Each structure stands twice: as structure tokens, then as C-alpha cells.
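A.B. asks: What follows is target-v9.cif, made up of mmCIF, C-alpha atoms:
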```
data_run
loop_
_atom_site.label_atom_id
_atom_site.label_comp_id
_atom_site.auth_asym_id
_atom_site.auth_seq_id
_atom_site.Cartn_x
_atom_site.Cartn_y
_atom_site.Cartn_z
CA MET A 1 -2.62 -11.17 -29.75
CA THR A 2 -0.17 -8.35 -29.03
CA PRO A 3 3.35 -9.68 -28.22
CA ARG A 4 3.96 -9.90 -24.49
CA HIS A 5 6.48 -7.07 -24.25
CA ARG A 6 4.20 -4.79 -26.28
CA GLN A 7 0.96 -5.48 -24.43
CA PRO A 8 -0.47 -2.31 -22.91
CA VAL A 9 0.07 -1.59 -19.24
CA LEU A 10 -2.90 0.02 -17.51
CA VAL A 11 -1.90 2.29 -14.61
CA LEU A 12 -4.67 3.25 -12.20
CA THR A 13 -3.61 6.36 -10.32
CA ASN A 14 -4.25 10.06 -9.83
CA PRO A 15 -2.55 12.68 -12.05
CA TYR A 16 -0.35 13.93 -9.18
CA ASP A 17 1.27 10.58 -8.36
CA VAL A 18 4.99 11.36 -8.71
CA THR A 19 5.90 7.82 -7.59
CA ALA A 20 4.05 6.40 -10.60
CA ASP A 21 5.85 8.90 -12.83
CA VAL A 22 9.19 7.30 -11.95
CA VAL A 23 8.10 3.92 -13.34
CA LEU A 24 6.27 5.44 -16.30
CA ARG A 25 9.51 7.09 -17.43
CA VAL A 26 11.21 3.68 -17.42
CA LEU A 27 8.35 2.14 -19.43
CA ALA A 28 8.43 5.06 -21.88
CA HIS A 29 12.17 4.56 -22.40
CA ARG A 30 11.45 0.90 -23.19
CA ARG A 31 8.68 1.95 -25.60
CA SER A 32 6.11 -0.03 -23.65
CA PRO A 33 2.53 1.14 -24.34
CA VAL A 34 0.92 2.61 -21.24
CA VAL A 35 -2.56 3.93 -20.50
CA ARG A 36 -2.96 6.00 -17.35
CA LEU A 37 -6.43 6.25 -15.84
CA ASP A 38 -7.88 7.79 -12.70
CA PRO A 39 -11.30 6.12 -12.86
CA GLY A 40 -12.78 8.02 -9.92
CA THR A 41 -12.47 11.29 -11.84
CA ASP A 42 -11.74 10.48 -15.50
CA LEU A 43 -15.02 8.61 -15.99
CA HIS A 44 -16.79 11.89 -15.20
CA THR A 45 -14.63 14.01 -17.51
CA GLY A 46 -14.80 12.39 -20.92
CA ALA A 47 -13.65 8.78 -20.43
CA SER A 48 -15.96 5.79 -20.77
CA LEU A 49 -15.71 2.15 -19.74
CA THR A 50 -17.67 -0.73 -21.26
CA ALA A 51 -17.69 -4.50 -20.66
CA SER A 52 -19.83 -7.11 -22.37
CA PHE A 53 -20.32 -10.77 -21.46
CA ARG A 54 -21.81 -12.83 -24.31
CA THR A 55 -21.98 -16.41 -25.44
CA ASP A 56 -19.15 -15.78 -27.90
CA GLY A 57 -16.84 -14.34 -25.24
CA ARG A 58 -15.96 -11.24 -23.25
CA ARG A 59 -15.14 -7.81 -24.56
CA GLY A 60 -14.23 -4.53 -22.96
CA THR A 61 -13.30 -1.05 -24.08
CA LEU A 62 -11.83 1.98 -22.37
CA ARG A 63 -12.21 5.22 -24.28
CA THR A 64 -10.52 8.46 -23.32
CA PRO A 65 -10.47 11.78 -25.19
CA SER A 66 -7.17 10.73 -26.82
CA ARG A 67 -7.32 6.95 -27.32
CA GLU A 68 -9.23 3.69 -27.26
CA LEU A 69 -8.05 0.57 -25.42
CA ASP A 70 -9.23 -3.00 -25.93
CA LEU A 71 -9.30 -4.30 -22.35
CA THR A 72 -8.71 -7.90 -23.49
CA GLU A 73 -5.28 -6.81 -24.74
CA VAL A 74 -4.11 -5.39 -21.38
CA GLY A 75 -1.06 -7.31 -20.20
CA ALA A 76 -0.74 -5.82 -16.72
CA VAL A 77 -2.56 -3.48 -14.34
CA TRP A 78 -0.65 -1.39 -11.83
CA VAL A 79 -3.03 -0.44 -9.03
CA ARG A 80 -1.42 2.65 -7.53
CA ARG A 81 -3.19 5.62 -5.94
CA ALA A 82 -6.41 6.25 -7.82
CA SER A 83 -8.82 8.89 -6.52
CA PRO A 84 -11.84 7.61 -4.56
CA TYR A 85 -15.10 7.11 -6.39
CA GLU A 86 -17.12 10.12 -5.23
CA GLY A 87 -19.64 10.52 -8.04
CA PRO A 88 -20.08 13.40 -10.49
CA ALA A 89 -19.52 16.83 -8.98
CA ASP A 90 -22.77 18.15 -10.50
CA LEU A 91 -24.86 15.73 -8.44
CA ASP A 92 -25.82 16.20 -4.80
CA GLY A 93 -26.86 14.10 -1.85
CA PRO A 94 -28.30 10.63 -2.42
CA GLU A 95 -27.88 10.83 -6.23
CA ARG A 96 -24.14 11.43 -5.92
CA ARG A 97 -23.76 8.71 -3.28
CA PHE A 98 -25.68 6.30 -5.51
CA ALA A 99 -23.47 7.10 -8.51
CA ALA A 100 -20.33 6.71 -6.40
CA SER A 101 -21.45 3.31 -5.11
CA GLN A 102 -22.37 2.10 -8.58
CA SER A 103 -18.94 3.22 -9.81
CA VAL A 104 -17.16 1.26 -7.06
CA TRP A 105 -18.97 -1.94 -7.94
CA GLY A 106 -19.28 -1.35 -11.68
CA ALA A 107 -16.11 0.37 -12.90
CA GLY A 108 -14.10 -1.06 -10.02
CA GLY A 109 -15.39 -4.54 -10.80
CA ILE A 110 -14.55 -4.28 -14.50
CA LEU A 111 -11.02 -3.02 -13.84
CA ALA A 112 -10.42 -5.80 -11.31
CA SER A 113 -11.54 -8.53 -13.74
CA LEU A 114 -9.49 -8.06 -16.89
CA PRO A 115 -8.95 -11.51 -18.43
CA GLY A 116 -5.34 -12.66 -18.22
CA ALA A 117 -3.94 -9.37 -16.90
CA HIS A 118 -1.14 -9.43 -14.33
CA TYR A 119 -2.06 -7.24 -11.35
CA VAL A 120 0.45 -5.36 -9.21
CA ASN A 121 -1.35 -5.75 -6.85
CA HIS A 122 -4.87 -6.96 -7.43
CA PRO A 123 -7.16 -4.44 -5.68
CA TRP A 124 -8.93 -7.14 -3.70
CA ALA A 125 -5.58 -8.50 -2.50
CA ASN A 126 -4.61 -4.97 -1.45
CA ARG A 127 -7.82 -4.58 0.49
CA ALA A 128 -7.38 -7.87 2.33
CA ALA A 129 -3.77 -7.04 3.21
CA GLU A 130 -4.46 -3.54 4.52
CA HIS A 131 -6.10 -4.66 7.78
CA LYS A 132 -3.66 -4.51 10.71
CA PRO A 133 -5.11 -7.57 12.51
CA ALA A 134 -4.75 -9.62 9.32
CA GLN A 135 -1.20 -8.32 8.87
CA LEU A 136 -0.17 -9.33 12.38
CA ALA A 137 -1.73 -12.79 12.04
CA ALA A 138 0.00 -13.35 8.69
CA ALA A 139 3.31 -12.04 10.06
CA GLN A 140 3.23 -14.55 12.92
CA ARG A 141 2.30 -17.34 10.52
CA SER A 142 5.17 -16.35 8.20
CA GLY A 143 7.77 -16.57 10.96
CA PHE A 144 8.45 -12.90 11.61
CA ALA A 145 9.28 -11.68 15.09
CA VAL A 146 6.20 -9.67 16.10
CA PRO A 147 6.03 -7.36 19.14
CA ASP A 148 3.31 -8.18 21.68
CA THR A 149 0.23 -6.33 20.45
CA LEU A 150 -3.26 -5.62 21.76
CA ILE A 151 -6.21 -4.28 19.75
CA THR A 152 -9.14 -3.43 21.98
CA ASN A 153 -11.88 -0.96 22.85
CA ASP A 154 -11.78 -2.05 26.51
CA PRO A 155 -9.95 0.63 28.56
CA GLN A 156 -9.00 -1.73 31.39
CA GLU A 157 -7.61 -4.34 28.99
CA ALA A 158 -5.52 -1.56 27.45
CA ARG A 159 -4.26 -0.30 30.83
CA ASP A 160 -3.33 -3.79 31.97
CA PHE A 161 -1.48 -4.55 28.75
CA VAL A 162 0.48 -1.29 28.75
CA ALA A 163 1.41 -1.66 32.42
CA LEU A 164 2.98 -5.09 31.71
CA GLN A 165 5.39 -3.81 29.06
CA ARG A 166 8.77 -3.41 30.77
CA ALA A 167 10.33 -1.50 27.88
CA GLY A 168 7.23 0.68 27.47
CA ALA A 169 4.35 0.64 25.02
CA VAL A 170 3.23 2.64 22.01
CA TYR A 171 -0.10 3.56 20.48
CA LYS A 172 -0.74 3.59 16.75
CA PRO A 173 -3.97 3.89 14.75
CA VAL A 174 -5.26 0.74 13.08
CA TRP A 175 -5.79 2.79 9.90
CA ASN A 176 -4.48 6.14 8.68
CA THR A 177 -7.88 7.79 8.81
CA PRO A 178 -7.91 11.48 7.84
CA TYR A 179 -8.07 13.59 11.01
CA SER A 180 -8.38 17.33 11.53
CA VAL A 181 -8.51 19.85 14.36
CA ASP A 182 -10.40 23.10 13.70
CA GLY A 183 -10.29 22.29 10.00
CA GLU A 184 -6.54 21.72 9.95
CA PRO A 185 -5.38 18.22 8.89
CA ARG A 186 -3.30 16.42 11.51
CA ALA A 187 -1.23 13.26 11.29
CA VAL A 188 -1.63 10.65 14.01
CA TRP A 189 1.91 9.43 14.66
CA VAL A 190 3.08 6.40 16.59
CA ARG A 191 3.61 7.62 20.16
CA ASP A 192 4.60 6.36 23.60
CA VAL A 193 1.71 5.69 25.94
CA ARG A 194 1.44 5.06 29.70
CA ALA A 195 -1.29 3.16 31.49
CA GLN A 196 -2.47 6.21 33.42
CA GLU A 197 -3.06 8.12 30.18
CA ILE A 198 -5.65 5.65 28.93
CA THR A 199 -9.18 6.90 29.54
CA ASP A 200 -12.64 5.52 28.90
CA ALA A 201 -12.52 7.27 25.51
CA VAL A 202 -10.92 4.04 24.26
CA ARG A 203 -14.45 2.61 24.20
CA ALA A 204 -15.22 4.70 21.11
CA CYS A 205 -13.35 2.36 18.74
CA PRO A 206 -10.62 -0.29 18.64
CA HIS A 207 -7.16 1.03 19.55
CA LEU A 208 -3.83 -0.65 18.83
CA PHE A 209 -1.25 -0.86 21.63
CA GLN A 210 2.10 -2.51 21.12
CA ALA A 211 5.18 -3.32 23.15
CA ARG A 212 7.89 -0.75 22.42
CA VAL A 213 10.76 -2.34 20.52
CA PRO A 214 14.17 -1.24 21.92
CA LYS A 215 15.40 -0.53 18.42
CA ALA A 216 18.83 0.40 17.12
CA TYR A 217 17.35 1.54 13.80
CA ASP A 218 14.42 1.02 11.43
CA VAL A 219 14.39 -0.80 8.10
CA ARG A 220 12.12 -0.47 5.09
CA VAL A 221 12.10 -3.48 2.77
CA THR A 222 10.42 -2.90 -0.58
CA ALA A 223 9.46 -6.21 -2.19
CA VAL A 224 8.77 -6.51 -5.91
CA GLY A 225 8.10 -10.17 -6.58
CA ASP A 226 11.17 -12.02 -5.31
CA ARG A 227 13.40 -8.93 -5.47
CA LEU A 228 13.98 -7.19 -2.15
CA PHE A 229 15.36 -3.71 -1.60
CA GLY A 230 16.36 -2.94 1.98
CA VAL A 231 17.08 0.50 3.41
CA ARG A 232 18.30 1.21 6.93
CA ILE A 233 16.61 4.27 8.47
CA ASP A 234 18.28 6.22 11.27
CA SER A 235 15.96 8.78 12.83
CA PRO A 236 15.76 10.66 16.15
CA ASP A 237 12.01 10.02 16.22
CA LEU A 238 10.03 7.00 17.36
CA ASP A 239 8.06 7.32 14.11
CA TRP A 240 10.55 8.16 11.34
CA ARG A 241 7.75 9.48 9.11
CA HIS A 242 7.26 12.41 11.49
CA ARG A 243 10.34 14.42 10.45
CA GLN A 244 11.73 12.79 7.35
CA ASP A 245 14.16 15.65 6.85
CA LEU A 246 16.04 14.42 9.95
CA MET A 247 16.39 10.78 8.92
CA THR A 248 19.21 9.17 6.97
CA CYS A 249 18.79 6.16 4.68
CA THR A 250 21.44 3.68 3.61
CA PRO A 251 21.04 0.41 1.68
CA ILE A 252 21.12 -2.73 3.81
CA ALA A 253 21.11 -6.46 3.02
CA VAL A 254 18.01 -8.41 4.01
CA PRO A 255 18.84 -11.49 6.14
CA GLU A 256 17.84 -14.77 4.54
CA PRO A 257 15.34 -15.75 7.29
CA VAL A 258 13.59 -12.38 6.87
CA ALA A 259 13.58 -12.81 3.09
CA ARG A 260 11.90 -16.21 3.45
CA SER A 261 9.25 -14.74 5.73
CA VAL A 262 8.66 -11.89 3.26
CA ALA A 263 8.07 -14.43 0.48
CA ASP A 264 5.67 -16.42 2.65
CA TYR A 265 3.79 -13.27 3.68
CA LEU A 266 3.39 -12.08 0.07
CA GLY A 267 2.19 -15.53 -0.94
CA HIS A 268 -0.37 -15.57 1.87
CA PHE A 269 -2.02 -12.39 0.59
CA ARG A 270 -1.24 -13.04 -3.11
CA LEU A 271 0.73 -9.84 -3.33
CA VAL A 272 3.38 -8.96 -5.90
CA PHE A 273 4.45 -5.75 -4.14
CA GLY A 274 4.78 -4.92 -0.46
CA ALA A 275 6.48 -2.21 1.63
CA PHE A 276 7.59 -3.81 4.91
CA ASP A 277 8.61 -1.87 8.01
CA PHE A 278 10.85 -3.37 10.69
CA ALA A 279 12.43 -2.20 13.94
CA VAL A 280 15.86 -3.78 14.43
CA THR A 281 17.14 -4.31 17.98
CA PRO A 282 20.80 -4.04 19.08
CA ASP A 283 21.08 -7.85 19.00
CA GLY A 284 20.01 -7.89 15.34
CA THR A 285 16.39 -9.04 15.68
CA TRP A 286 14.15 -7.71 12.91
CA SER A 287 10.71 -7.05 14.44
CA PHE A 288 7.82 -6.81 11.99
CA LEU A 289 5.77 -3.62 12.38
CA GLU A 290 3.58 -3.57 9.29
CA CYS A 291 3.38 -4.10 5.55
CA ASN A 292 1.74 -1.53 3.30
CA PRO A 293 0.65 -3.41 0.16
CA ASN A 294 0.68 -0.14 -1.77
CA GLY A 295 3.32 1.89 0.05
CA GLN A 296 5.37 4.80 -1.23
CA TRP A 297 9.01 4.16 -2.09
CA ALA A 298 10.32 7.02 -4.23
CA TRP A 299 11.63 8.85 -1.11
CA GLN A 300 14.47 6.36 -0.75
CA PRO A 301 18.07 6.96 -1.92
CA PRO A 302 18.20 7.60 -5.69
CA GLU A 303 19.99 4.34 -6.49
CA THR A 304 17.41 2.34 -4.53
CA THR A 305 14.50 4.24 -6.07
CA ASP A 306 15.90 3.59 -9.55
CA ARG A 307 16.29 -0.14 -8.89
CA ILE A 308 12.74 -0.41 -7.55
CA ALA A 309 11.38 1.48 -10.57
CA HIS A 310 13.13 -0.90 -12.97
CA ALA A 311 11.95 -3.93 -10.99
CA LEU A 312 8.35 -2.72 -11.18
CA ALA A 313 8.70 -2.03 -14.91
CA ASP A 314 10.05 -5.57 -15.38
CA GLU A 315 7.11 -6.98 -13.41
CA LEU A 316 4.55 -5.03 -15.42
CA GLN A 317 6.08 -6.09 -18.72
CA ARG A 318 5.88 -9.78 -17.77
CA GLY A 319 2.18 -9.62 -18.49
CA PRO A 320 -0.05 -12.69 -18.27
CA ASP A 321 2.94 -15.03 -18.00
CA ALA A 322 3.74 -13.69 -14.52
#
```
Please express the file's structure as C-alpha cells.

C.D. replies:
Amino acid sequence: MTPRHRQPVLVLTNPYDVTADVVLRVLAHRRSPVVRLDPGTDLHTGASLTASFRTDGRRGTLRTPSRELDLTEVGAVWVRRASPYEGPADLDGPERRFAASQSVWGAGGILASLPGAHYVNHPWANRAAEHKPAQLAAAQRSGFAVPDTLITNDPQEARDFVALQRAGAVYKPVWNTPYSVDGEPRAVWVRDVRAQEITDAVRACPHLFQARVPKAYDVRVTAVGDRLFGVRIDSPDLDWRHRQDLMTCTPIAVPEPVARSVADYLGHFRLVFGAFDFAVTPDGTWSFLECNPNGQWAWQPPETTDRIAHALADELQRGPDA
């Protein structure tokens, strides 16, 4: 068996993922073997993936144009931002959809079932933790302060809820679904909403309405195992993602009660990594907004980004002992 610190790290991401590049540079400096794979595209452009299940044990092999990897030797898998499984480009219609579906369940299933590998995070844990209703339920269970929230496709329920919020209410999508107007991609930002604005169009799908937090500032907490990296975000916008060039970020300590709730939340979903967003009120209350189990973090101040990159490299090198 390959020694723990020399076991290969398998990174599942697209070739344009600059956030992954930050960690890969750290692993390269440590001479840790790394294989980078974008299964949704690479398996159609020269790579192959094989798994066998026999009476004498399991075996698996990943072959790329430049190398061959024994999947039983993989110490850790970093599930980052791989391209979707869309099927070979030379197929059309039902054949391409069939190939894409088989890839999800076949290749995706193999890569999610490597024996003994340490996942950051396991793809099935990511999927479970991405649902906003599940996030809110887990946040309450973990002891976070959670703003009053309503998810509904009933217009009158929405109007009644919004009208009751003395400090106002906001709307946010339950998922960052791609959206376009006349072919131009548009972002759907968190925005203020009034009861009289809510129409019967709400019936089309569930909408998320939330009490507006009278915040002094925002906080992003990036969790890597039991290591927390907090950044205070000051922005003129309700949604700081809207105009990131106008926000300022400074490191901030994470209060112990919040840290305990973060640990409980990660344990609930079996996550190793999580990007938590909070709104902090003038009296110091940290209100949970969401946790992205696979959020971006390389936009933070350089010293914070560097510390997160080293923490992730440490986690990936722990291998099966993690």
C-alpha cells in the first residue's frame, strides 16, 4: 500500500477551476501525487474508467492519455466543480440523453465508491446538503439563529407572511438555476419584496421568502474540518455578491457558540467542507442564511485564501485515516 502522505489525490473538477488551482499548487509543492479529472468531458476525449467486483475483491482503473491510476490506491477525492454529464457531443437526442444518464449512474457511481478514500465532500453528502429546506431544518437543529422563513407556491400565504415582517422581507431563489432574458444570462439576486408585489405567478413553483435581518455586516465562515476561517463583509448591497468590487473583507473571529453550531451542522450532513453565510445584527447576533457545501472561497483576502488552501491540502493528505 502506498504510504499515506504519498497516496494519490483525485480532484474532480473542470479545467477552468482557478479555486482548485490554488490547492493544487500547495499539493505540488508538497510533492503529493494528484490526478485531475473532469469526468463529464474527459471520458469522451480519451480517458476511460473501469471497475470490477469479483469474489477475490474489487479493482478499478482510471486511464488518461498521460497516466494510469489504480483506484484502490486513491487516498482522497476532492469533489469540486466537475462539468455536468451531458453525453458525447457527436450524439443527438435520446442517444445523448441515454449516454449522459448512464454516465451519471455509472461513472458517477464508481467515483463515489472508492474503497477507503476520504471525500471532501462526498458527492451524495453535497447533494443532500444543497437543498435550502434541509439547510434551514439542520440550522435550527444545530442551534443557529435562523430568520423566519416561508417556502411556498401559495400567493396568499406569501402575501400574509411578508406583510407580518416589521423589518421587511426578502425574496431569494431556492436554487441558483440558470436564468436568461432574450438569450442574455441574468443573476437572480436576493431582493426586498412587499406584499403587494406578490402575484399569482408564485403558483408556478416554490418561492422562498424570509424576514429581512437588520444587519450591521455579513460574514462568510469557511469550514475545513474543525478549522474555521471567518471574514467580515461590508457591502452597500443587500446581496454582497451583486457588486463584489464594492465590498471590503476583513478577517473576523468566529464566536464559540457559532463554532459549535457549525460543527454540529457539518456532522449532520457528514460534510468536511462548508461555506457558511451569516448576517450579523448590531447587537451581535449571527443569523444563519445558508451553507454552500461546495462554495467558492478564493475571492477572500490573500492571507485567508492561503490558509484555506493549506487546510484543504492537509485534509486531502490525511487520506483514509481522516

A.B. asks: Within 12 Å of region 52-58 of chain A, which residues of region 109-158 of chain A show up? Give each one with its shortest atom-to-atom distance in Å (one decimal) and the two atoms involved, counting all atoms listed in the file, rows by chain then rising residue number, as a tab-separated table.

C.D. replies:
```
residue	atom	partner	partner_atom	distance
A:Ile110	CA	A:Ser52	CA	9.9
A:Ser113	CA	A:Arg58	CA	10.8
A:Leu114	CA	A:Arg58	CA	9.6
A:Pro115	CA	A:Arg58	CA	8.5
A:Gly116	CA	A:Arg58	CA	11.8
```

A.B. asks: I'd like to see the residues matched by the PyMOL selection byres ((chain A and resi 238) around 12) on this file, and ideally I'd get them as a PyMOL selection string.

C.D. replies: chain A and resi 169-172+189-192+212-218+233-237+239-244+247+279

A.B. asks: For Thr281 (chain A), which of A:Val18, A:Ala145, A:Leu246, A:Val11 is the closest residue, counting all atoms listed in the file?

C.D. replies: A:Ala145

A.B. asks: Can you list, as a list of chain:residue names, the residues that the PyMOL selection byres ((chain A and resi 257) around 12) selects here?

C.D. replies: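 What the PyMOL selection byres ((chain A and resi 257) around 12) grabs from the file is A:Ser142, A:Gly143, A:Phe144, A:Ala145, A:Ala253, A:Val254, A:Pro255, A:Glu256, A:Val258, A:Ala259, A:Arg260, A:Ser261, A:Val262, A:Ala263, A:Asp264, A:Thr285, A:Trp286.
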
A.B. asks: Keeping C-alpha atoms, export the residues of the selection given above as a PDB file, in the coordinates of the input.

C.D. replies:
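Just written: selection-v6.pdb:
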```pdb
ATOM      1  CA  SER A 142       5.170 -16.350   8.200  1.00  0.00           C
ATOM      2  CA  GLY A 143       7.770 -16.570  10.960  1.00  0.00           C
ATOM      3  CA  PHE A 144       8.450 -12.900  11.610  1.00  0.00           C
ATOM      4  CA  ALA A 145       9.280 -11.680  15.090  1.00  0.00           C
ATOM      5  CA  ALA A 253      21.110  -6.460   3.020  1.00  0.00           C
ATOM      6  CA  VAL A 254      18.010  -8.410   4.010  1.00  0.00           C
ATOM      7  CA  PRO A 255      18.840 -11.490   6.140  1.00  0.00           C
ATOM      8  CA  GLU A 256      17.840 -14.770   4.540  1.00  0.00           C
ATOM      9  CA  VAL A 258      13.590 -12.380   6.870  1.00  0.00           C
ATOM     10  CA  ALA A 259      13.580 -12.810   3.090  1.00  0.00           C
ATOM     11  CA  ARG A 260      11.900 -16.210   3.450  1.00  0.00           C
ATOM     12  CA  SER A 261       9.250 -14.740   5.730  1.00  0.00           C
ATOM     13  CA  VAL A 262       8.660 -11.890   3.260  1.00  0.00           C
ATOM     14  CA  ALA A 263       8.070 -14.430   0.480  1.00  0.00           C
ATOM     15  CA  ASP A 264       5.670 -16.420   2.650  1.00  0.00           C
ATOM     16  CA  THR A 285      16.390  -9.040  15.680  1.00  0.00           C
ATOM     17  CA  TRP A 286      14.150  -7.710  12.910  1.00  0.00           C
TER      18      TRP A 286
END
```

A.B. asks: Hey, what's within 9 Å of Leu289 (chain A) if we count only C-alpha atoms and toss same-chain stuff fewer than 4 positions away? As an MDAnalysis selection string, please?

C.D. replies: chainID A and resid 136 146:147 276:279

A.B. asks: For Val79 (chain A), find every residue with an atom within 7 Å (counting all atoms listed in the file), except residues of its own chain fewer than 4 positions away, and show them as a list in words.

C.D. replies: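 Listing them by chain and then by number gives Val11, Leu12, Thr13, Val120, Asn121, His122 and Pro123 of chain A.
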
A.B. asks: Report as AutoDock Vina command-line options the centre and the edge lengths, in Å to one decimal, of the axis-aligned box holding every listed atom of region 76-83 of chain A, padded by 4 Å on each side.

C.D. replies:
```
--center_x -4.7 --center_y 1.5 --center_z -11.3 --size_x 16.2 --size_y 22.7 --size_z 18.8
```

A.B. asks: Kindly indicate which residue among A:Ala107, A:Leu228, A:Ala163, A:Ala28 lies nearest to Arg6 (chain A), using all atoms listed in the file for the distances.

C.D. replies: A:Ala28

A.B. asks: Mind telling me what the PyMOL selection byres ((chain A and resi 153) around 6) catches here, as number ranges by chain?

C.D. replies: A: 152, 154, 202-203, 205-206

A.B. asks: So which residues touch Ala195 (chain A) within 6 Å, counting only C-alpha atoms, skipping near sequence neighbours fewer than 3 positions away, as a ChimeraX atom specification?

C.D. replies: /A:159,162-163,198

A.B. asks: Let me see the file: selected residues, C-alpha atoms, as an mmCIF file, in the coordinates of the input.

C.D. replies:
```cif
data_model
loop_
_atom_site.group_PDB
_atom_site.id
_atom_site.type_symbol
_atom_site.label_atom_id
_atom_site.label_comp_id
_atom_site.auth_asym_id
_atom_site.auth_seq_id
_atom_site.Cartn_x
_atom_site.Cartn_y
_atom_site.Cartn_z
ATOM 1 C CA ARG A 159 -4.260 -0.300 30.830
ATOM 2 C CA VAL A 162 0.480 -1.290 28.750
ATOM 3 C CA ALA A 163 1.410 -1.660 32.420
ATOM 4 C CA ILE A 198 -5.650 5.650 28.930
#
```

A.B. asks: Please report the interatomic distance between CA of Glu73 (chain A) and CA of Leu111 (chain A) in Å with one decimal.

C.D. replies: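 CA of Leu111 (chain A) lies 12.9 Å from CA of Glu73 (chain A).
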